[in-house]
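Reviewing the structure listed below.
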Amino acid sequence: MILFHACQIFLLLASHFFKSMVLSTQKSEKIVMDKFIIEGGNMLHGTVRISGAKNAALPAMAAALLTNEDVHLNRVPSLADVSTMVALLGKMGVRTDGPGSGPLSMSMTINASGINTYEAPYDLVKTMRASVLVLGPLVARYGSARVSIPGGCAIGSRPIDLHLKGLAALGARVSMYHGYIDVTARQLKGTRISFDTITVTGTENLIMAASLAHGTTVLENAAREPEVVSLVDQLVRMGARIHGAGTATVTIEGVDRLHGCSMDIIPDRIEAGTYMIAAAAAGGEVEIADCSPDHVRALLTMMRAAGIDYNETDHGVVVRKERSARIKSLNVKTMPYPDFPTDLQAQLMALMTQGDGTSAIAETIFENRFMHVPELRRMGADIRTQGNVAIVRGETKLMGAQIMATDLRASASLVIAGLIAEGTTEVSRIYHLDRGYEFMENKLSGIGARLKRVKT
Ligand code: EPU
């Protein structure tokens with residue numbers, strides 16, 4: 001009955017989302033191989049409204065496991081990854097009501113009082129690695145979590161050893177069994193934990209776990225991303241006592257219980273950055289509205305250095321670019337926030353194919369995040385890689401081609417390349433895009449791009 005209820009909620013959301021990737025809470029999984037057909041060469045004009053952030057919505061949903069009361073989330077983006085999290089929570093017996101008020105401001109209420117299993121199964125974790133975000137809350141609140149070990153993915157091996165080391169430091173027992181991690185704890189106890197590497201979801205998992213631990217936890221070398229700050233904002237609304245979010249040291253004084261809350265998901269800074277780069281690449285004048293310029297400061301600094309004209313408004317950024325204006329080539333290195341994000345590296349590379357010289361783009365976060373390079377080369381880009389550095393020769397004329405999306409951000413880079421290429425570009429496997437870009441074809445068509453989704 002509970003499974004039936006979860007399926008109903010999931011199917012309702014999936015149909016609302018009109019996404020190309022349809023997941024099922026049943027064992028079988030259907031991936032719809034939609035394509036984008038892009039006619040390049042149009043300049044872009046108008047306004048794009050930015051959706052709630054995927055990477056803030058997913059931890060916000062997981063945090064609802066920390067209480068028996070309702071957690072109301074507003075501005076939840078309609079994305080395949082959100083559907084997957086709904087399915088995951090539903091499998092555990094957690095009630096998720098939604099969608100709410102409209103495509104760009106979906107409201108969702110989550111209530112975990114009916115939870116009956118503490119497991120994230122393989123079929124969902126393999127679809128979405130962020131499923132691992134249920135680990136910390138489950139152990140903290142129910143003393144037990146069983147999560148399928150995420151394998152490698154398209155962008156790298158992406159271990160979760162730091163999540164597990166942190167939970168063990170909080171007193172949990174961690175064991176591995178037939179591809180699953182079992183984590184148990186009668187009561188987590190606060191301690192000092194220093195991350196060897198900055199990890200976003202690792203920081204989020206441990207903040208959630210420590211919120212219900214006995215005593216004080218200090219996290220050092222913590223991630224400072226806006227999504228971490230947003231999660232802490234939510235937890236504080238739920239009654240947690242946390243200081244230092246947004247800095248490298250976060251202090252969490254454990255409390256006995258957390259209660260429900262209402263929370264707006266912050267704007268998606270990566271989506272905002274992607275449309276800023278698209279506008280710079282295609283030319284025109286585009287307002288990227290409902291976003292926080294401070295969250296894309298590193299990109300704006302780069303755009304300024306590249307000679308792209310923009311101005312900040314109260315609620316966004318207006319990017320302006322004449323067709324003939326030069327774009328300066330840049331050297332860029334991805335780093336944790338507040339530096340240049342790995343999630344905009346691929347998109348910036350598409351822009352740099354139009355730079356006036358040679359760019360060096362170093363990827364320092366994920367070891368395999370150049371999957372877009374061979375596809376961009378098929379369109380005429382002159383890019384060679386040396387280890388974790390891509391050398392991009394500018395002023396190349398891109399030509400439309402049949403190309404394949406390989407991961408979420410790589411796909412966005414290919415769409416940007418398609419917008420500036422001569423002729424027709426066919427981007428296949430756009431289910432990757434549907435994981436993280438809400439209504440991309442509508443948003444791009446709305447500012448004058450010639451782009452359509454073709455169902456196959
Ligand atoms: N790492 C470890 N051990 C760990 C955890 C991380 O070695 O236990 C390493 C990773 O392999 C990587 C680095 O640390 O080399 C940073 O990884 P991090 O843990 O920060 O990545 P994540 O939390 O899995 C989140 C975003 C990603 C984004 C990265 C980096 C979510 C749900 N995902 O992933 O978003 O690229 O931070 O900013 O928040 C995307 O949206 O397309 C996406 C991939």
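By convention here, the chains of the structure tokens are called A, B, ... in the order presented, each chain's residues are numbered starting at 1, and ligands are numbered starting at 1 in the order presented.
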
Task: Within 8 Å of ligand 1 (only C-alpha atoms and all ligand atoms), residues as an MDAnalysis selection string - done: chainID A and resid 54:56 58:59 129:130 155:164 197:203 223 225 227 270 336:337 341:343 364:367 407:409 436

How would the residues just picked look written out with C-alpha atoms as a PDB file, in the first residue's frame?
```pdb
ATOM      1  CA  LYS A  54      19.047  21.290  -7.894  1.00  0.00           C
ATOM      2  CA  ASN A  55      22.004  20.977  -5.555  1.00  0.00           C
ATOM      3  CA  ALA A  56      20.162  22.889  -2.830  1.00  0.00           C
ATOM      4  CA  LEU A  58      18.322  17.593  -2.947  1.00  0.00           C
ATOM      5  CA  PRO A  59      19.896  18.132   0.518  1.00  0.00           C
ATOM      6  CA  ARG A 129      24.738   9.802  -6.613  1.00  0.00           C
ATOM      7  CA  ALA A 130      23.227  12.537  -4.452  1.00  0.00           C
ATOM      8  CA  ILE A 155      33.023  12.612 -14.484  1.00  0.00           C
ATOM      9  CA  GLY A 156      35.183  10.612 -12.095  1.00  0.00           C
ATOM     10  CA  SER A 157      35.423   7.893  -9.467  1.00  0.00           C
ATOM     11  CA  ARG A 158      33.806  10.105  -6.817  1.00  0.00           C
ATOM     12  CA  PRO A 159      34.374   8.092  -3.633  1.00  0.00           C
ATOM     13  CA  ILE A 160      32.402   8.783  -0.441  1.00  0.00           C
ATOM     14  CA  ASP A 161      35.177   7.785   1.975  1.00  0.00           C
ATOM     15  CA  LEU A 162      35.129  11.224   3.648  1.00  0.00           C
ATOM     16  CA  HIS A 163      31.399  10.953   4.393  1.00  0.00           C
ATOM     17  CA  LEU A 164      32.039   7.564   6.013  1.00  0.00           C
ATOM     18  CA  THR A 197      39.502  17.341   0.693  1.00  0.00           C
ATOM     19  CA  ILE A 198      36.683  19.830   0.457  1.00  0.00           C
ATOM     20  CA  THR A 199      33.507  17.895  -0.243  1.00  0.00           C
ATOM     21  CA  VAL A 200      30.111  19.502  -0.757  1.00  0.00           C
ATOM     22  CA  THR A 201      27.749  16.580  -0.084  1.00  0.00           C
ATOM     23  CA  GLY A 202      30.210  15.238   2.520  1.00  0.00           C
ATOM     24  CA  THR A 203      29.933  18.517   4.433  1.00  0.00           C
ATOM     25  CA  ALA A 223      32.688  23.289   1.838  1.00  0.00           C
ATOM     26  CA  GLU A 225      29.138  26.577  -1.302  1.00  0.00           C
ATOM     27  CA  GLU A 227      24.022  25.210  -1.144  1.00  0.00           C
ATOM     28  CA  ILE A 270      25.028  26.946 -12.184  1.00  0.00           C
ATOM     29  CA  PRO A 336      35.814  24.853  -4.672  1.00  0.00           C
ATOM     30  CA  TYR A 337      33.573  27.860  -3.960  1.00  0.00           C
ATOM     31  CA  PRO A 341      33.120  26.072 -10.222  1.00  0.00           C
ATOM     32  CA  THR A 342      33.791  22.791 -11.951  1.00  0.00           C
ATOM     33  CA  ASP A 343      30.101  22.803 -12.883  1.00  0.00           C
ATOM     34  CA  THR A 364      41.109  20.225 -10.461  1.00  0.00           C
ATOM     35  CA  ILE A 365      37.944  18.762  -8.899  1.00  0.00           C
ATOM     36  CA  PHE A 366      37.043  15.742 -11.032  1.00  0.00           C
ATOM     37  CA  GLU A 367      39.554  13.634 -12.942  1.00  0.00           C
ATOM     38  CA  ASP A 407      26.980  14.217 -18.454  1.00  0.00           C
ATOM     39  CA  LEU A 408      24.898  17.080 -17.194  1.00  0.00           C
ATOM     40  CA  ARG A 409      27.281  20.015 -17.529  1.00  0.00           C
ATOM     41  CA  GLY A 436      19.649  19.563 -13.881  1.00  0.00           C
TER      42      GLY A 436
END
```

Task: Long-range neighbours of A:Leu88 as a list of chain:residue names, 8 Å cut-off, only C-alpha atoms, 4 positions minimum in chain - done: A:Thr25, A:Thr84, A:Met92, A:Ala120, A:Leu124, A:Ser131

Write the residues of the preceding selection, restricted to all heavy atoms, as an mmCIF file, in the first residue's frame.
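That gives us part_12.cif:
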```
data_model
loop_
_atom_site.group_PDB
_atom_site.id
_atom_site.type_symbol
_atom_site.label_atom_id
_atom_site.label_comp_id
_atom_site.auth_asym_id
_atom_site.auth_seq_id
_atom_site.Cartn_x
_atom_site.Cartn_y
_atom_site.Cartn_z
ATOM 1 N N THR A 25 9.609 3.842 -9.824
ATOM 2 C CA THR A 25 9.926 3.272 -8.524
ATOM 3 C C THR A 25 9.890 1.744 -8.610
ATOM 4 O O THR A 25 10.257 1.072 -7.680
ATOM 5 C CB THR A 25 8.920 3.740 -7.461
ATOM 6 O OG1 THR A 25 7.619 3.485 -7.940
ATOM 7 C CG2 THR A 25 9.084 5.205 -7.155
ATOM 8 N N THR A 84 13.869 11.606 -8.728
ATOM 9 C CA THR A 84 14.579 10.447 -8.163
ATOM 10 C C THR A 84 14.596 10.529 -6.644
ATOM 11 O O THR A 84 14.404 9.530 -5.948
ATOM 12 C CB THR A 84 16.022 10.379 -8.721
ATOM 13 O OG1 THR A 84 15.953 10.375 -10.140
ATOM 14 C CG2 THR A 84 16.744 9.126 -8.258
ATOM 15 N N MET A 92 11.106 4.693 1.085
ATOM 16 C CA MET A 92 11.347 4.531 2.525
ATOM 17 C C MET A 92 10.063 4.754 3.331
ATOM 18 O O MET A 92 10.078 4.698 4.541
ATOM 19 C CB MET A 92 12.421 5.520 2.984
ATOM 20 C CG MET A 92 13.790 5.178 2.434
ATOM 21 S SD MET A 92 15.085 6.112 3.256
ATOM 22 C CE MET A 92 15.233 7.489 2.199
ATOM 23 N N ALA A 120 18.725 3.084 0.850
ATOM 24 C CA ALA A 120 18.772 3.683 -0.498
ATOM 25 C C ALA A 120 19.268 2.601 -1.442
ATOM 26 O O ALA A 120 20.447 2.236 -1.422
ATOM 27 C CB ALA A 120 19.714 4.886 -0.503
ATOM 28 N N LEU A 124 18.330 3.277 -7.461
ATOM 29 C CA LEU A 124 18.196 4.737 -7.367
ATOM 30 C C LEU A 124 19.555 5.407 -7.180
ATOM 31 O O LEU A 124 19.821 6.453 -7.775
ATOM 32 C CB LEU A 124 17.240 5.099 -6.228
ATOM 33 C CG LEU A 124 15.785 4.685 -6.509
ATOM 34 C CD1 LEU A 124 14.898 4.960 -5.313
ATOM 35 C CD2 LEU A 124 15.234 5.413 -7.733
ATOM 36 N N SER A 131 21.835 10.579 -3.901
ATOM 37 C CA SER A 131 21.039 9.732 -2.996
ATOM 38 C C SER A 131 21.778 9.518 -1.685
ATOM 39 O O SER A 131 21.169 9.274 -0.643
ATOM 40 C CB SER A 131 20.789 8.355 -3.619
ATOM 41 O OG SER A 131 20.170 8.471 -4.860
#
```

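Of the listed residues (A:Met352, A:Ala62, A:Met33, A:Ile430), A:Met352 comes nearest to A:Ala306; the distances count only C-alpha atoms.
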
- [ ] Once DSSP has gone over the backbone, tell me which residues of stretch 164-277 of chain A are in strand (DSSP E), as a ChimeraX atom specification.
- [x] /A:173-177,180-184,192-194,216-220,241-243,250-253,261-264

Using only N, CA and C atoms, please write the residues we just selected to a file, as a short mmCIF file (atom, residue, chain, number, x, y, z; two decimals), in the first residue's frame.
```cif
data_model
loop_
_atom_site.label_atom_id
_atom_site.label_comp_id
_atom_site.auth_asym_id
_atom_site.auth_seq_id
_atom_site.Cartn_x
_atom_site.Cartn_y
_atom_site.Cartn_z
N ARG A 173 29.14 2.94 13.42
CA ARG A 173 29.83 1.76 12.91
C ARG A 173 29.53 1.67 11.42
N VAL A 174 30.60 1.53 10.64
CA VAL A 174 30.42 1.51 9.19
C VAL A 174 30.91 0.16 8.67
N SER A 175 30.07 -0.54 7.92
CA SER A 175 30.53 -1.79 7.31
C SER A 175 30.02 -1.88 5.88
N MET A 176 30.71 -2.67 5.10
CA MET A 176 30.32 -2.83 3.69
C MET A 176 29.88 -4.28 3.48
N TYR A 177 28.85 -4.45 2.69
CA TYR A 177 28.27 -5.77 2.56
C TYR A 177 27.56 -5.85 1.23
N TYR A 180 26.73 -2.71 -0.48
CA TYR A 180 26.00 -1.73 0.35
C TYR A 180 26.87 -1.29 1.52
N ILE A 181 26.64 -0.07 1.97
CA ILE A 181 27.28 0.42 3.20
C ILE A 181 26.20 0.39 4.28
N ASP A 182 26.54 -0.24 5.37
CA ASP A 182 25.64 -0.22 6.53
C ASP A 182 26.25 0.68 7.57
N VAL A 183 25.50 1.65 8.02
CA VAL A 183 25.99 2.56 9.06
C VAL A 183 24.99 2.52 10.21
N THR A 184 25.50 2.23 11.39
CA THR A 184 24.60 2.19 12.55
C THR A 184 25.20 3.00 13.69
N ARG A 192 35.59 16.73 16.62
CA ARG A 192 36.23 17.63 15.65
C ARG A 192 36.62 16.80 14.42
N ILE A 193 36.21 17.25 13.26
CA ILE A 193 36.50 16.50 12.03
C ILE A 193 37.12 17.47 11.02
N SER A 194 38.26 17.06 10.47
CA SER A 194 38.88 17.90 9.44
C SER A 194 38.86 17.13 8.12
N THR A 216 29.04 18.88 20.77
CA THR A 216 29.41 19.82 19.70
C THR A 216 30.33 19.16 18.67
N THR A 217 30.03 19.42 17.41
CA THR A 217 30.89 18.94 16.31
C THR A 217 31.49 20.16 15.63
N VAL A 218 32.79 20.09 15.35
CA VAL A 218 33.44 21.16 14.58
C VAL A 218 33.94 20.54 13.27
N LEU A 219 33.48 21.07 12.16
CA LEU A 219 33.94 20.59 10.85
C LEU A 219 34.96 21.59 10.31
N GLU A 220 36.15 21.08 10.02
CA GLU A 220 37.19 21.97 9.45
C GLU A 220 37.40 21.62 7.99
N ARG A 241 21.36 24.13 15.94
CA ARG A 241 22.24 25.23 16.37
C ARG A 241 23.57 25.09 15.64
N ILE A 242 23.73 25.94 14.63
CA ILE A 242 24.89 25.81 13.73
C ILE A 242 25.48 27.19 13.48
N HIS A 243 26.80 27.29 13.54
CA HIS A 243 27.48 28.56 13.28
C HIS A 243 28.59 28.34 12.25
N VAL A 250 32.73 24.97 10.46
CA VAL A 250 31.31 24.98 10.81
C VAL A 250 31.16 24.27 12.17
N THR A 251 30.48 24.93 13.09
CA THR A 251 30.29 24.36 14.43
C THR A 251 28.82 24.01 14.61
N ILE A 252 28.58 22.77 15.02
CA ILE A 252 27.20 22.30 15.18
C ILE A 252 27.03 21.82 16.63
N GLU A 253 26.12 22.47 17.35
CA GLU A 253 25.80 21.98 18.70
C GLU A 253 24.57 21.10 18.55
N CYS A 261 9.56 22.98 9.04
CA CYS A 261 9.90 24.36 8.65
C CYS A 261 9.37 24.62 7.24
N SER A 262 9.47 25.86 6.84
CA SER A 262 9.16 26.22 5.46
C SER A 262 10.40 26.91 4.90
N MET A 263 10.72 26.62 3.67
CA MET A 263 12.01 27.05 3.14
C MET A 263 11.91 27.29 1.64
N ASP A 264 12.52 28.38 1.17
CA ASP A 264 12.61 28.62 -0.28
C ASP A 264 13.96 28.09 -0.78
#
```

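When atom CA of A:Gln345 is paired with atom CA of A:Val296, their separation reads 12.9 Å.
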
TODO: Would you list, as a PyMOL selection string, the residues of stretch 72-296 of chain A that end up in helix (DSSP H, G or I) under DSSP run on this structure's backbone?
DONE: chain A and resi 80-91+122-125+129-142+161-169+200-211+226-237+269-282+293-296

Task: Which of A:Glu322, A:Asp196, A:Glu395, A:Glu426 sits closest to A:Asp356 [using only C-alpha atoms] - done: A:Glu395

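Considering the residues A:Leu138, A:Leu44, A:Val132, A:Met399 and counting only C-alpha atoms, A:Tyr118 has its shortest atom-to-atom contact with A:Leu138.
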
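Residues with any atom within 8 Å of A:Thr96, counting only C-alpha atoms and excluding same-chain neighbours fewer than 4 positions away, are Ile9, Val86, Leu89, Gly90, Met108, Thr109, Ile110 and Asn111 of chain A.
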
How would the residues just chosen look if you wrote them out with C-alpha atoms as a PDB file, in the first residue's frame?
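Below is the file that was written, again.pdb:
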```pdb
ATOM      1  CA  ILE A   9       3.124  10.518  -6.023  1.00  0.00           C
ATOM      2  CA  VAL A  86      10.992  11.770  -4.394  1.00  0.00           C
ATOM      3  CA  LEU A  89      11.989   9.005  -0.057  1.00  0.00           C
ATOM      4  CA  GLY A  90       8.797   7.294  -1.193  1.00  0.00           C
ATOM      5  CA  MET A 108       6.529  20.324  -1.968  1.00  0.00           C
ATOM      6  CA  THR A 109       5.696  19.076   1.497  1.00  0.00           C
ATOM      7  CA  ILE A 110       7.669  16.183   2.900  1.00  0.00           C
ATOM      8  CA  ASN A 111       6.684  14.241   5.997  1.00  0.00           C
TER       9      ASN A 111
END
```

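Picture a line from atom CA of A:Leu376 to atom CA of A:Ala405; it runs 10.7 Å.
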
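Candidate residues A:Thr274, A:Gln187, A:Ser113, A:Ser359 were compared for distance to A:Leu444, and the nearest is A:Thr274, using only C-alpha atoms.
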
Can you tell me which residues surround stretch 326-333 of chain A at a distance of at most 8 Å, considering only C-alpha atoms, apart from same-chain residues fewer than 6 positions away, and format the answer as a PDB file with N, CA and C atoms, in the first residue's frame?
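part-v4.pdb, written as the output of this step:
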```pdb
ATOM      1  N   MET A 302      35.536  36.452 -14.431  1.00  0.00           N
ATOM      2  CA  MET A 302      36.094  35.891 -15.678  1.00  0.00           C
ATOM      3  C   MET A 302      35.477  36.568 -16.901  1.00  0.00           C
ATOM      4  N   ALA A 305      37.029  39.824 -17.394  1.00  0.00           N
ATOM      5  CA  ALA A 305      38.380  39.652 -17.954  1.00  0.00           C
ATOM      6  C   ALA A 305      38.312  39.287 -19.441  1.00  0.00           C
ATOM      7  N   ALA A 306      37.242  38.616 -19.834  1.00  0.00           N
ATOM      8  CA  ALA A 306      37.102  38.228 -21.244  1.00  0.00           C
ATOM      9  C   ALA A 306      36.559  39.379 -22.095  1.00  0.00           C
ATOM     10  N   GLY A 307      36.221  40.487 -21.423  1.00  0.00           N
ATOM     11  CA  GLY A 307      35.719  41.653 -22.160  1.00  0.00           C
ATOM     12  C   GLY A 307      34.225  41.608 -22.409  1.00  0.00           C
ATOM     13  N   ILE A 308      33.515  40.736 -21.704  1.00  0.00           N
ATOM     14  CA  ILE A 308      32.056  40.658 -21.884  1.00  0.00           C
ATOM     15  C   ILE A 308      31.406  41.721 -20.997  1.00  0.00           C
ATOM     16  N   PHE A 340      36.285  29.425  -9.160  1.00  0.00           N
ATOM     17  CA  PHE A 340      35.521  29.067 -10.361  1.00  0.00           C
ATOM     18  C   PHE A 340      35.008  27.622 -10.269  1.00  0.00           C
ATOM     19  N   MET A 352      35.212  29.694 -24.858  1.00  0.00           N
ATOM     20  CA  MET A 352      36.618  29.973 -25.181  1.00  0.00           C
ATOM     21  C   MET A 352      37.015  29.525 -26.592  1.00  0.00           C
ATOM     22  N   GLN A 354      35.715  30.651 -28.933  1.00  0.00           N
ATOM     23  CA  GLN A 354      35.540  31.917 -29.672  1.00  0.00           C
ATOM     24  C   GLN A 354      36.489  33.003 -29.154  1.00  0.00           C
ATOM     25  N   GLY A 355      37.408  32.637 -28.226  1.00  0.00           N
ATOM     26  CA  GLY A 355      38.355  33.620 -27.702  1.00  0.00           C
ATOM     27  C   GLY A 355      39.322  34.100 -28.778  1.00  0.00           C
ATOM     28  N   ASP A 356      40.050  35.193 -28.471  1.00  0.00           N
ATOM     29  CA  ASP A 356      40.930  35.759 -29.503  1.00  0.00           C
ATOM     30  C   ASP A 356      42.334  35.158 -29.473  1.00  0.00           C
ATOM     31  N   GLY A 357      42.562  34.183 -28.606  1.00  0.00           N
ATOM     32  CA  GLY A 357      43.898  33.585 -28.510  1.00  0.00           C
ATOM     33  C   GLY A 357      43.781  32.150 -28.047  1.00  0.00           C
ATOM     34  N   THR A 358      44.640  31.792 -27.087  1.00  0.00           N
ATOM     35  CA  THR A 358      44.635  30.418 -26.576  1.00  0.00           C
ATOM     36  C   THR A 358      44.291  30.439 -25.094  1.00  0.00           C
ATOM     37  N   SER A 359      43.415  29.552 -24.679  1.00  0.00           N
ATOM     38  CA  SER A 359      43.028  29.451 -23.260  1.00  0.00           C
ATOM     39  C   SER A 359      43.557  28.142 -22.693  1.00  0.00           C
ATOM     40  N   ALA A 360      43.881  28.187 -21.398  1.00  0.00           N
ATOM     41  CA  ALA A 360      44.199  26.937 -20.694  1.00  0.00           C
ATOM     42  C   ALA A 360      43.146  26.774 -19.605  1.00  0.00           C
ATOM     43  N   ILE A 361      42.462  25.658 -19.635  1.00  0.00           N
ATOM     44  CA  ILE A 361      41.395  25.412 -18.649  1.00  0.00           C
ATOM     45  C   ILE A 361      41.787  24.177 -17.841  1.00  0.00           C
ATOM     46  N   ALA A 362      42.047  24.403 -16.551  1.00  0.00           N
ATOM     47  CA  ALA A 362      42.487  23.295 -15.690  1.00  0.00           C
ATOM     48  C   ALA A 362      41.324  22.825 -14.833  1.00  0.00           C
ATOM     49  N   GLU A 363      41.087  21.516 -14.858  1.00  0.00           N
ATOM     50  CA  GLU A 363      40.016  20.928 -14.036  1.00  0.00           C
ATOM     51  C   GLU A 363      40.682  20.256 -12.832  1.00  0.00           C
ATOM     52  N   THR A 364      40.420  20.780 -11.641  1.00  0.00           N
ATOM     53  CA  THR A 364      41.109  20.225 -10.461  1.00  0.00           C
ATOM     54  C   THR A 364      40.178  19.436  -9.544  1.00  0.00           C
ATOM     55  N   GLY A 394      41.333  29.668 -29.812  1.00  0.00           N
ATOM     56  CA  GLY A 394      40.128  30.457 -30.077  1.00  0.00           C
ATOM     57  C   GLY A 394      39.895  30.695 -31.560  1.00  0.00           C
TER      58      GLY A 394
END
```

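The list of residues with at least one atom within 12 Å of A:Gly380, based on only C-alpha atoms and without residues fewer than 4 positions apart in the same chain, reads Ala350, Thr353, Gln354, Val373, Pro374, Glu375, Leu376, Val392, Arg393, Gly394, Glu395, Thr396, Lys397, Leu398, Met399, Gly400, Ala401, Ile403, Ala417, Gly418, Ile420, Ala421 and Glu422 of chain A.
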